[in-house]
>>> print(open('run_7.txt').read())   # compact mmCIF, C-alpha atoms
# COMPACT_ATOMS: atom_id res chain seq x y z
CA MET A 1162 71.52 99.60 96.04
CA GLY A 1163 74.13 99.66 93.30
CA ILE A 1164 76.78 102.22 92.67
CA ALA A 1165 75.25 105.56 91.86
CA ASN A 1166 76.40 106.78 88.47
CA THR A 1167 76.24 110.28 87.08
CA LYS A 1168 77.54 111.70 83.83
CA ASN A 1169 80.14 114.44 84.01
CA VAL A 1170 80.64 117.21 81.45
CA SER A 1171 82.58 114.90 79.09
CA GLY A 1172 79.78 112.32 79.20
CA THR A 1173 81.74 109.62 81.05
CA LYS A 1174 80.42 107.85 84.13
CA THR A 1175 81.83 108.82 87.52
CA ILE A 1176 81.32 107.06 90.81
CA THR A 1177 79.75 109.23 93.48
CA MET A 1178 79.67 108.83 97.26
CA ASN A 1179 76.96 106.29 98.01
CA LYS A 1180 75.70 103.78 100.51
CA GLN A 1181 78.31 101.19 99.56
CA ILE A 1182 81.19 103.55 100.34
CA VAL A 1183 79.51 104.54 103.59
CA HIS A 1184 79.30 100.81 104.46
CA LEU A 1185 83.01 100.42 103.71
CA GLN A 1186 83.85 103.40 105.90
CA GLU A 1187 81.67 102.01 108.70
CA ALA A 1188 83.40 98.64 108.37
CA ILE A 1189 86.79 100.35 108.71
CA LYS A 1190 85.54 102.36 111.68
CA ASN A 1191 84.24 99.19 113.39
CA THR A 1192 87.44 97.30 112.62
CA PHE A 1193 89.56 100.11 114.03
CA GLY A 1194 87.29 100.03 117.08
CA GLN A 1195 88.22 96.37 117.54
CA ILE A 1196 91.92 97.23 117.27
CA ASP A 1197 91.49 100.10 119.71
CA GLY A 1198 89.69 97.80 122.17
CA MET A 1199 92.57 95.35 121.91
CA LEU A 1200 95.04 98.18 122.54
CA HIS A 1201 93.08 99.21 125.61
CA HIS A 1202 93.36 95.72 127.15
CA LEU A 1203 96.85 94.83 125.98
CA PRO A 1204 99.60 95.56 128.52
CA ALA A 1205 102.13 98.07 127.14
CA GLU A 1206 105.00 95.62 127.45
CA GLN A 1207 103.16 93.04 125.33
CA TYR A 1208 102.46 95.65 122.63
CA SER A 1209 106.14 95.89 121.84
CA MET A 1210 107.24 92.37 122.84
CA PRO A 1211 108.57 90.15 120.03
CA SER A 1212 106.46 87.07 119.39
CA ASN A 1213 107.90 83.78 118.16
CA ILE A 1214 104.74 83.05 116.22
CA LEU A 1215 105.10 86.41 114.43
CA PHE A 1216 108.72 85.61 113.46
CA ASN A 1217 109.90 87.96 116.23
CA ALA A 1218 107.76 90.85 115.03
CA THR A 1219 105.59 92.64 117.57
CA ILE A 1220 101.90 93.40 117.76
CA GLY A 1221 102.91 97.06 117.67
CA GLN A 1222 104.70 96.56 114.35
CA HIS A 1223 101.56 95.08 112.83
CA VAL A 1224 99.42 97.93 114.16
CA ARG A 1225 101.97 100.42 112.80
CA HIS A 1226 101.84 98.74 109.40
CA VAL A 1227 98.05 99.12 109.26
CA ILE A 1228 98.17 102.77 110.32
CA GLU A 1229 100.92 103.66 107.88
CA LEU A 1230 99.07 102.12 104.94
CA PHE A 1231 96.20 104.53 105.55
CA GLN A 1232 98.62 107.43 106.11
CA GLU A 1233 100.29 106.68 102.76
CA LEU A 1234 96.89 106.50 101.07
CA PHE A 1235 95.98 109.92 102.48
CA ALA A 1236 99.34 111.36 101.38
CA GLY A 1237 98.86 109.83 97.93
CA TYR A 1238 95.37 111.28 97.74
CA GLU A 1239 96.96 114.73 97.91
CA THR A 1240 99.73 114.07 95.39
CA GLY A 1241 97.90 111.67 93.07
CA THR A 1242 100.43 108.85 93.59
CA VAL A 1243 100.20 106.20 96.31
CA ASN A 1244 103.34 104.27 97.20
CA TYR A 1245 102.93 102.04 100.25
CA GLU A 1246 106.63 101.18 100.16
CA LYS A 1247 107.42 104.72 101.29
CA ARG A 1248 105.90 104.18 104.73
CA LYS A 1249 107.87 105.95 107.47
CA ARG A 1250 108.04 102.91 109.75
CA ASP A 1251 107.57 105.21 112.74
CA TYR A 1252 109.01 103.53 115.82
CA LYS A 1253 106.73 105.56 118.09
CA ILE A 1254 103.62 103.96 116.59
CA GLU A 1255 104.94 100.44 117.19
CA THR A 1256 106.01 101.14 120.79
CA ASP A 1257 103.36 103.57 122.09
CA LYS A 1258 99.90 102.04 122.04
CA HIS A 1259 98.25 105.30 123.14
CA PHE A 1260 99.80 107.14 120.20
CA ALA A 1261 98.65 104.34 117.89
CA SER A 1262 95.12 104.67 119.29
CA GLN A 1263 95.11 108.40 118.56
CA LEU A 1264 96.24 107.76 114.98
CA LEU A 1265 93.48 105.18 114.44
CA GLU A 1266 90.95 107.79 115.56
CA SER A 1267 92.48 110.37 113.22
CA ILE A 1268 92.25 107.98 110.26
CA VAL A 1269 88.57 107.32 110.93
CA SER A 1270 87.95 111.08 111.16
CA ASN A 1271 89.71 111.79 107.86
CA MET A 1272 88.82 108.92 105.53
CA ALA A 1273 85.58 110.39 104.12
CA LYS A 1274 86.82 111.83 100.83
CA GLN A 1275 85.49 112.02 97.31
CA ASP A 1276 86.76 109.34 94.99
CA ARG A 1277 89.55 110.34 92.66
CA GLU A 1278 91.85 108.68 90.19
CA LEU A 1279 95.25 107.74 91.61
CA ILE A 1280 98.43 106.05 90.48
CA LEU A 1281 99.64 103.12 92.57
CA GLU A 1282 103.42 102.93 92.45
CA ALA A 1283 105.08 99.72 93.63
CA GLY A 1284 108.21 97.66 93.17
CA PHE A 1285 106.84 94.16 92.77
CA ASP A 1286 110.29 92.74 92.13
CA ASN A 1287 113.91 93.84 92.43
CA SER A 1288 113.87 96.04 89.35
CA VAL A 1289 114.86 99.67 89.72
CA GLU A 1290 111.78 101.02 87.98
CA PRO A 1291 108.54 100.87 89.97
CA VAL A 1292 105.37 99.60 88.36
CA ARG A 1293 102.71 102.31 87.99
CA LEU A 1294 99.07 101.21 87.91
CA HIS A 1295 95.83 103.17 87.62
CA THR A 1296 93.60 102.93 90.68
CA ASN A 1297 91.31 105.16 92.68
CA TYR A 1298 90.78 106.24 96.27
CA TYR A 1299 87.83 103.95 96.98
CA ARG A 1300 89.64 100.91 95.57
CA GLU A 1301 92.66 101.62 97.77
CA LEU A 1302 90.43 102.19 100.79
CA ALA A 1303 88.92 98.73 100.20
CA TYR A 1304 92.41 97.23 99.78
CA ASN A 1305 93.57 98.79 103.05
CA PHE A 1306 90.49 97.44 104.83
CA GLU A 1307 91.19 93.90 103.61
CA HIS A 1308 94.87 94.26 104.46
CA THR A 1309 93.90 95.42 107.96
CA ILE A 1310 91.84 92.25 108.50
CA HIS A 1311 94.85 90.17 107.41
CA HIS A 1312 97.10 91.90 109.94
CA MET A 1313 94.45 91.55 112.64
CA ALA A 1314 94.56 87.78 112.11
CA LEU A 1315 98.32 87.92 112.67
CA ILE A 1316 97.82 90.15 115.72
CA ARG A 1317 95.34 87.60 117.08
CA ALA A 1318 97.94 84.85 116.70
CA GLY A 1319 100.51 87.04 118.45
CA ILE A 1320 98.15 87.78 121.32
CA ASN A 1321 97.40 84.09 121.73
CA ASP A 1322 101.17 83.48 121.85
CA LEU A 1323 101.87 86.19 124.44
CA GLY A 1324 98.93 85.69 126.78
CA MET A 1325 95.24 86.19 127.20
CA VAL A 1326 93.72 89.49 126.15
CA PRO A 1327 89.99 89.58 125.45
CA LEU A 1328 89.28 89.90 121.73
CA SER A 1329 85.97 90.06 119.95
CA GLU A 1330 84.87 86.76 118.43
CA ASN A 1331 85.41 88.06 114.90
CA PHE A 1332 88.73 89.89 115.48
CA GLY A 1333 90.88 89.22 112.42
CA ILE A 1334 88.23 87.33 110.48
CA ALA A 1335 87.22 88.58 107.05
CA PRO A 1336 83.59 89.68 106.65
CA ALA A 1337 83.10 87.11 103.86
CA THR A 1338 84.23 84.35 106.23
CA ILE A 1339 81.88 85.57 108.95
CA LYS A 1340 78.95 85.55 106.49
CA TYR A 1341 79.91 82.08 105.27
CA ARG A 1342 80.08 80.72 108.81
CA GLN A 1343 76.72 82.28 109.64
CA ALA A 1344 75.16 80.71 106.54
CA CYS A 1345 76.62 77.29 107.45
CA ALA A 1346 75.28 77.53 111.00
CA GLN A 1347 71.69 77.95 109.79
>>> encode(input="run_7.txt", output="structure tokens")
Amino acid sequence: MGIANTKNVSGTKTITMNKQIVHLQEAIKNTFGQIDGMLHHLPAEQYSMPSNILFNATIGQHVRHVIELFQELFAGYETGTVNYEKRKRDYKIETDKHFASQLLESIVSNMAKQDRELILEAGFDNSVEPVRLHTNYYRELAYNFEHTIHHMALIRAGINDLGMVPLSENFGIAPATIKYRQACAQ
């Protein structure tokens, strides 16, 4: 099925909630389930232990980054402006895996929203003035999903560096790569 289009009062097309968005939300839910499973098996000390392969960052810092991207998107949904650079960098998220797990669950519970126009504000260079781009909630939700997969790949490398924790076969692998590998295996 394609994107369902309707005409609003002004006659312009608007994107409505549809199967594709539900698939995206399910993908995020499943991905967060993989992260939560990793958190369940990962010893607390390894969650906040610096990893050489992660340039002395921790698995907890990568999990925090993922969580805070979604938190900033939700905050921006309310104000109309998303600025991922304004993340809080909450130390508790990167050191308390149980707290991180609760936040992942909260994100999944709160991500089903109607699409709306947003402004993405970002400083792509060292200039004082941020760049302001038009975007929308669904586009940013898709961006955050892809960004999550990227950080999961880094988390996987960090886990491999710190010790053995069981991870799903596809942990940190983009859906397009999984499909490609499946097609090649046939």
>>> residues_around(input="run_7.txt", residues="stretch 1187-1196 of chain A", least_positions_apart="4", cutoff="7 Å", atoms="all atoms listed in the file", output="PyMOL selection string")
chain A and resi 1183+1200+1265+1269+1306+1332
>>> axis_aligned_box(input="run_7.txt", around="stretch 1321-1337 of chain A", padding_each_side="5 Å", output="lines of an AutoDock Vina configuration file")
center_x = 92.5
center_y = 86.8
center_z = 115.5
size_x = 28.8
size_y = 16.6
size_z = 33.3
>>> closest_residue(input="run_7.txt", among="A:Val1292, A:Ala1303, A:Ile1280, A:Val1326", to="A:His1202", atoms="all atoms listed in the file")
A:Val1326
>>> atom_distance(input="run_7.txt", atom1="atom CA of A:Ser1212", atom2="atom CA of A:Lys1258")
16.6 Å
>>> atom_distance(input="run_7.txt", atom1="atom CA of A:Leu1279", atom2="atom CA of A:Ile1254")
26.6 Å
>>> residues_around(input="run_7.txt", residues="stretch 1214-1223 of chain A", least_positions_apart="2", cutoff="7 Å", atoms="only C-alpha atoms", output="PDB file with C-alpha atoms, in the frame of the given file")
ATOM      1  CA  TYR A1208     102.460  95.650 122.630  1.00  0.00           C
ATOM      2  CA  SER A1209     106.140  95.890 121.840  1.00  0.00           C
ATOM      3  CA  MET A1210     107.240  92.370 122.840  1.00  0.00           C
ATOM      4  CA  PRO A1211     108.570  90.150 120.030  1.00  0.00           C
ATOM      5  CA  SER A1212     106.460  87.070 119.390  1.00  0.00           C
ATOM      6  CA  ARG A1225     101.970 100.420 112.800  1.00  0.00           C
ATOM      7  CA  HIS A1226     101.840  98.740 109.400  1.00  0.00           C
ATOM      8  CA  VAL A1227      98.050  99.120 109.260  1.00  0.00           C
ATOM      9  CA  GLU A1255     104.940 100.440 117.190  1.00  0.00           C
ATOM     10  CA  THR A1256     106.010 101.140 120.790  1.00  0.00           C
ATOM     11  CA  HIS A1312      97.100  91.900 109.940  1.00  0.00           C
ATOM     12  CA  ILE A1316      97.820  90.150 115.720  1.00  0.00           C
ATOM     13  CA  GLY A1319     100.510  87.040 118.450  1.00  0.00           C
ATOM     14  CA  ASP A1322     101.170  83.480 121.850  1.00  0.00           C
TER      15      ASP A1322
END
>>> residues_near_point(input="run_7.txt", point="(93.3, 109.6, 96.2)", cutoff="9 Å", atoms="only C-alpha atoms", output="list of chain:residue names")
A:Leu1234, A:Phe1235, A:Ala1236, A:Gly1237, A:Tyr1238, A:Glu1239, A:Thr1240, A:Gly1241, A:Thr1242, A:Val1243, A:Lys1274, A:Gln1275, A:Asp1276, A:Arg1277, A:Glu1278, A:Leu1279, A:Ile1280, A:Thr1296, A:Asn1297, A:Tyr1298, A:Tyr1299, A:Glu1301
>>> closest_residue(input="run_7.txt", among="A:Leu1203, A:Ile1182, A:Ile1339, A:Val1289", to="A:His1259", atoms="all atoms listed in the file")
A:Leu1203
>>> closest_residue(input="run_7.txt", among="A:Val1224, A:Ile1268, A:Lys1253, A:Phe1260", to="A:Gln1186", atoms="all atoms listed in the file")
A:Ile1268
>>> atom_distance(input="run_7.txt", atom1="atom CA of A:His1201", atom2="atom CA of A:Asp1257")
11.7 Å
>>> residues_near_point(input="run_7.txt", point="(89.8, 93.0, 121.6)", cutoff="6 Å", atoms="all atoms listed in the file", output="ChimeraX atom specification")
/A:1195,1198-1199,1327-1329
>>> closest_residue(input="run_7.txt", among="A:Ile1310, A:Met1272, A:Leu1230, A:Ala1283", to="A:Pro1336", atoms="only C-alpha atoms")
A:Ile1310
>>> residues_around(input="run_7.txt", residues="A:His1311", least_positions_apart="2", cutoff="8 Å", atoms="only C-alpha atoms", output="PyMOL selection string")
chain A and resi 1307-1309+1313-1315+1333-1335
>>> decode(input="run_7.txt", residues="stretch 1185-1339 of chain A", atoms="C-alpha atoms", output="PDB file, in the first residue's frame")
ATOM      1  CA  LEU A1185       7.977   2.165  11.104  1.00  0.00           C
ATOM      2  CA  GLN A1186       6.634   2.296  14.650  1.00  0.00           C
ATOM      3  CA  GLU A1187       6.757  -1.507  14.873  1.00  0.00           C
ATOM      4  CA  ALA A1188      10.345  -1.465  13.602  1.00  0.00           C
ATOM      5  CA  ILE A1189      11.269   1.042  16.314  1.00  0.00           C
ATOM      6  CA  LYS A1190       9.454  -1.029  18.935  1.00  0.00           C
ATOM      7  CA  ASN A1191      11.293  -4.196  17.833  1.00  0.00           C
ATOM      8  CA  THR A1192      14.630  -2.378  17.722  1.00  0.00           C
ATOM      9  CA  PHE A1193      14.103  -0.984  21.205  1.00  0.00           C
ATOM     10  CA  GLY A1194      13.220  -4.525  22.283  1.00  0.00           C
ATOM     11  CA  GLN A1195      16.645  -5.637  21.051  1.00  0.00           C
ATOM     12  CA  ILE A1196      18.306  -2.831  23.011  1.00  0.00           C
ATOM     13  CA  ASP A1197      16.278  -3.706  26.091  1.00  0.00           C
ATOM     14  CA  GLY A1198      17.274  -7.375  25.764  1.00  0.00           C
ATOM     15  CA  MET A1199      20.908  -6.323  25.562  1.00  0.00           C
ATOM     16  CA  LEU A1200      20.463  -4.165  28.665  1.00  0.00           C
ATOM     17  CA  HIS A1201      18.949  -7.114  30.501  1.00  0.00           C
ATOM     18  CA  HIS A1202      22.005  -9.305  29.815  1.00  0.00           C
ATOM     19  CA  LEU A1203      24.708  -6.659  30.104  1.00  0.00           C
ATOM     20  CA  PRO A1204      26.333  -6.432  33.546  1.00  0.00           C
ATOM     21  CA  ALA A1205      25.818  -2.973  35.091  1.00  0.00           C
ATOM     22  CA  GLU A1206      29.547  -2.312  35.289  1.00  0.00           C
ATOM     23  CA  GLN A1207      29.959  -2.969  31.556  1.00  0.00           C
ATOM     24  CA  TYR A1208      27.106  -0.568  30.741  1.00  0.00           C
ATOM     25  CA  SER A1209      29.145   2.357  31.993  1.00  0.00           C
ATOM     26  CA  MET A1210      32.659   1.036  31.288  1.00  0.00           C
ATOM     27  CA  PRO A1211      34.709   2.963  28.710  1.00  0.00           C
ATOM     28  CA  SER A1212      35.577   0.942  25.631  1.00  0.00           C
ATOM     29  CA  ASN A1213      38.761   1.451  23.634  1.00  0.00           C
ATOM     30  CA  ILE A1214      36.981   0.553  20.432  1.00  0.00           C
ATOM     31  CA  LEU A1215      34.378   3.266  21.154  1.00  0.00           C
ATOM     32  CA  PHE A1216      37.125   5.880  21.687  1.00  0.00           C
ATOM     33  CA  ASN A1217      36.573   5.589  25.453  1.00  0.00           C
ATOM     34  CA  ALA A1218      32.833   6.169  25.192  1.00  0.00           C
ATOM     35  CA  THR A1219      30.525   3.742  26.966  1.00  0.00           C
ATOM     36  CA  ILE A1220      27.633   1.601  25.832  1.00  0.00           C
ATOM     37  CA  GLY A1221      25.512   3.656  28.213  1.00  0.00           C
ATOM     38  CA  GLN A1222      26.474   6.870  26.419  1.00  0.00           C
ATOM     39  CA  HIS A1223      25.333   5.408  23.101  1.00  0.00           C
ATOM     40  CA  VAL A1224      22.044   4.230  24.619  1.00  0.00           C
ATOM     41  CA  ARG A1225      21.574   7.685  26.170  1.00  0.00           C
ATOM     42  CA  HIS A1226      22.189   9.316  22.797  1.00  0.00           C
ATOM     43  CA  VAL A1227      19.458   7.201  21.177  1.00  0.00           C
ATOM     44  CA  ILE A1228      16.973   7.908  23.958  1.00  0.00           C
ATOM     45  CA  GLU A1229      17.645  11.628  23.971  1.00  0.00           C
ATOM     46  CA  LEU A1230      17.140  11.936  20.215  1.00  0.00           C
ATOM     47  CA  PHE A1231      13.598  10.630  20.645  1.00  0.00           C
ATOM     48  CA  GLN A1232      13.050  12.830  23.713  1.00  0.00           C
ATOM     49  CA  GLU A1233      14.116  15.893  21.706  1.00  0.00           C
ATOM     50  CA  LEU A1234      11.810  14.886  18.864  1.00  0.00           C
ATOM     51  CA  PHE A1235       8.891  14.626  21.297  1.00  0.00           C
ATOM     52  CA  ALA A1236       9.764  18.003  22.839  1.00  0.00           C
ATOM     53  CA  GLY A1237      10.035  19.514  19.355  1.00  0.00           C
ATOM     54  CA  TYR A1238       6.688  18.022  18.411  1.00  0.00           C
ATOM     55  CA  GLU A1239       5.130  20.173  21.130  1.00  0.00           C
ATOM     56  CA  THR A1240       6.984  23.386  20.253  1.00  0.00           C
ATOM     57  CA  GLY A1241       7.230  22.951  16.477  1.00  0.00           C
ATOM     58  CA  THR A1242      11.054  23.103  16.473  1.00  0.00           C
ATOM     59  CA  VAL A1243      13.354  20.102  16.858  1.00  0.00           C
ATOM     60  CA  ASN A1244      16.958  20.716  17.867  1.00  0.00           C
ATOM     61  CA  TYR A1245      18.878  17.527  18.629  1.00  0.00           C
ATOM     62  CA  GLU A1246      21.866  19.565  19.778  1.00  0.00           C
ATOM     63  CA  LYS A1247      19.895  20.611  22.859  1.00  0.00           C
ATOM     64  CA  ARG A1248      19.907  17.087  24.301  1.00  0.00           C
ATOM     65  CA  LYS A1249      20.284  17.086  28.088  1.00  0.00           C
ATOM     66  CA  ARG A1250      23.056  14.485  28.134  1.00  0.00           C
ATOM     67  CA  ASP A1251      21.523  12.991  31.273  1.00  0.00           C
ATOM     68  CA  TYR A1252      24.221  11.145  33.194  1.00  0.00           C
ATOM     69  CA  LYS A1253      21.616   8.920  34.862  1.00  0.00           C
ATOM     70  CA  ILE A1254      20.588   7.425  31.508  1.00  0.00           C
ATOM     71  CA  GLU A1255      24.175   6.512  30.629  1.00  0.00           C
ATOM     72  CA  THR A1256      24.925   4.960  34.039  1.00  0.00           C
ATOM     73  CA  ASP A1257      21.630   3.326  35.068  1.00  0.00           C
ATOM     74  CA  LYS A1258      20.568   0.640  32.616  1.00  0.00           C
ATOM     75  CA  HIS A1259      17.252   0.078  34.414  1.00  0.00           C
ATOM     76  CA  PHE A1260      16.362   3.750  34.040  1.00  0.00           C
ATOM     77  CA  ALA A1261      17.351   3.584  30.365  1.00  0.00           C
ATOM     78  CA  SER A1262      15.088   0.550  29.927  1.00  0.00           C
ATOM     79  CA  GLN A1263      12.148   2.448  31.429  1.00  0.00           C
ATOM     80  CA  LEU A1264      12.757   5.363  29.071  1.00  0.00           C
ATOM     81  CA  LEU A1265      12.849   3.060  26.037  1.00  0.00           C
ATOM     82  CA  GLU A1266       9.461   1.691  27.080  1.00  0.00           C
ATOM     83  CA  SER A1267       8.106   5.224  27.523  1.00  0.00           C
ATOM     84  CA  ILE A1268       9.265   6.218  24.040  1.00  0.00           C
ATOM     85  CA  VAL A1269       7.525   3.227  22.474  1.00  0.00           C
ATOM     86  CA  SER A1270       4.340   4.090  24.393  1.00  0.00           C
ATOM     87  CA  ASN A1271       4.379   7.722  23.252  1.00  0.00           C
ATOM     88  CA  MET A1272       5.583   7.698  19.648  1.00  0.00           C
ATOM     89  CA  ALA A1273       2.181   7.211  17.964  1.00  0.00           C
ATOM     90  CA  LYS A1274       1.346  10.780  16.992  1.00  0.00           C
ATOM     91  CA  GLN A1275      -0.233  12.446  14.001  1.00  0.00           C
ATOM     92  CA  ASP A1276       2.210  13.836  11.492  1.00  0.00           C
ATOM     93  CA  ARG A1277       2.848  17.549  11.665  1.00  0.00           C
ATOM     94  CA  GLU A1278       5.153  20.061  10.067  1.00  0.00           C
ATOM     95  CA  LEU A1279       8.262  20.837  12.113  1.00  0.00           C
ATOM     96  CA  ILE A1280      11.371  22.956  11.850  1.00  0.00           C
ATOM     97  CA  LEU A1281      14.697  21.176  12.288  1.00  0.00           C
ATOM     98  CA  GLU A1282      17.224  23.537  13.821  1.00  0.00           C
ATOM     99  CA  ALA A1283      20.897  22.558  13.677  1.00  0.00           C
ATOM    100  CA  GLY A1284      24.361  24.053  13.661  1.00  0.00           C
ATOM    101  CA  PHE A1285      26.057  22.165  10.854  1.00  0.00           C
ATOM    102  CA  ASP A1286      29.222  24.209  11.209  1.00  0.00           C
ATOM    103  CA  ASN A1287      30.750  26.668  13.667  1.00  0.00           C
ATOM    104  CA  SER A1288      28.559  29.588  12.664  1.00  0.00           C
ATOM    105  CA  VAL A1289      26.518  31.306  15.344  1.00  0.00           C
ATOM    106  CA  GLU A1290      23.244  31.099  13.446  1.00  0.00           C
ATOM    107  CA  PRO A1291      21.623  27.657  13.291  1.00  0.00           C
ATOM    108  CA  VAL A1292      20.296  26.312  10.020  1.00  0.00           C
ATOM    109  CA  ARG A1293      16.499  25.934  10.010  1.00  0.00           C
ATOM    110  CA  LEU A1294      14.989  23.316   7.701  1.00  0.00           C
ATOM    111  CA  HIS A1295      11.411  22.239   7.084  1.00  0.00           C
ATOM    112  CA  THR A1296      10.671  18.660   8.097  1.00  0.00           C
ATOM    113  CA  ASN A1297       7.862  16.692   9.671  1.00  0.00           C
ATOM    114  CA  TYR A1298       7.312  14.297  12.550  1.00  0.00           C
ATOM    115  CA  TYR A1299       7.280  11.113  10.464  1.00  0.00           C
ATOM    116  CA  ARG A1300      10.480  12.071   8.641  1.00  0.00           C
ATOM    117  CA  GLU A1301      12.236  12.698  11.960  1.00  0.00           C
ATOM    118  CA  LEU A1302      10.886   9.449  13.388  1.00  0.00           C
ATOM    119  CA  ALA A1303      12.432   7.624  10.406  1.00  0.00           C
ATOM    120  CA  TYR A1304      15.712   9.521  10.886  1.00  0.00           C
ATOM    121  CA  ASN A1305      15.826   8.571  14.568  1.00  0.00           C
ATOM    122  CA  PHE A1306      15.173   4.928  13.691  1.00  0.00           C
ATOM    123  CA  GLU A1307      18.075   4.878  11.228  1.00  0.00           C
ATOM    124  CA  HIS A1308      20.294   6.712  13.699  1.00  0.00           C
ATOM    125  CA  THR A1309      19.385   4.135  16.357  1.00  0.00           C
ATOM    126  CA  ILE A1310      20.554   1.298  14.084  1.00  0.00           C
ATOM    127  CA  HIS A1311      23.853   3.144  13.558  1.00  0.00           C
ATOM    128  CA  HIS A1312      24.399   3.439  17.309  1.00  0.00           C
ATOM    129  CA  MET A1313      23.424  -0.195  17.814  1.00  0.00           C
ATOM    130  CA  ALA A1314      26.248  -1.168  15.451  1.00  0.00           C
ATOM    131  CA  LEU A1315      28.626   0.830  17.636  1.00  0.00           C
ATOM    132  CA  ILE A1316      27.141  -0.745  20.762  1.00  0.00           C
ATOM    133  CA  ARG A1317      27.701  -4.180  19.215  1.00  0.00           C
ATOM    134  CA  ALA A1318      31.368  -3.327  18.643  1.00  0.00           C
ATOM    135  CA  GLY A1319      31.653  -2.121  22.238  1.00  0.00           C
ATOM    136  CA  ILE A1320      30.063  -5.286  23.585  1.00  0.00           C
ATOM    137  CA  ASN A1321      32.427  -7.411  21.532  1.00  0.00           C
ATOM    138  CA  ASP A1322      35.310  -5.375  23.008  1.00  0.00           C
ATOM    139  CA  LEU A1323      34.149  -5.719  26.621  1.00  0.00           C
ATOM    140  CA  GLY A1324      33.039  -9.344  26.661  1.00  0.00           C
ATOM    141  CA  MET A1325      30.383 -11.736  25.542  1.00  0.00           C
ATOM    142  CA  VAL A1326      26.755 -10.720  25.906  1.00  0.00           C
ATOM    143  CA  PRO A1327      24.198 -12.518  23.754  1.00  0.00           C
ATOM    144  CA  LEU A1328      22.886 -10.285  20.980  1.00  0.00           C
ATOM    145  CA  SER A1329      20.358 -11.056  18.299  1.00  0.00           C
ATOM    146  CA  GLU A1330      21.893 -11.927  14.942  1.00  0.00           C
ATOM    147  CA  ASN A1331      20.668  -8.669  13.398  1.00  0.00           C
ATOM    148  CA  PHE A1332      21.503  -6.328  16.307  1.00  0.00           C
ATOM    149  CA  GLY A1333      22.871  -3.129  14.766  1.00  0.00           C
ATOM    150  CA  ILE A1334      22.284  -4.150  11.164  1.00  0.00           C
ATOM    151  CA  ALA A1335      20.124  -1.946   8.964  1.00  0.00           C
ATOM    152  CA  PRO A1336      16.915  -3.517   7.623  1.00  0.00           C
ATOM    153  CA  ALA A1337      18.073  -2.864   4.037  1.00  0.00           C
ATOM    154  CA  THR A1338      21.270  -4.820   4.725  1.00  0.00           C
ATOM    155  CA  ILE A1339      19.304  -7.700   6.239  1.00  0.00           C
TER     156      ILE A1339
END
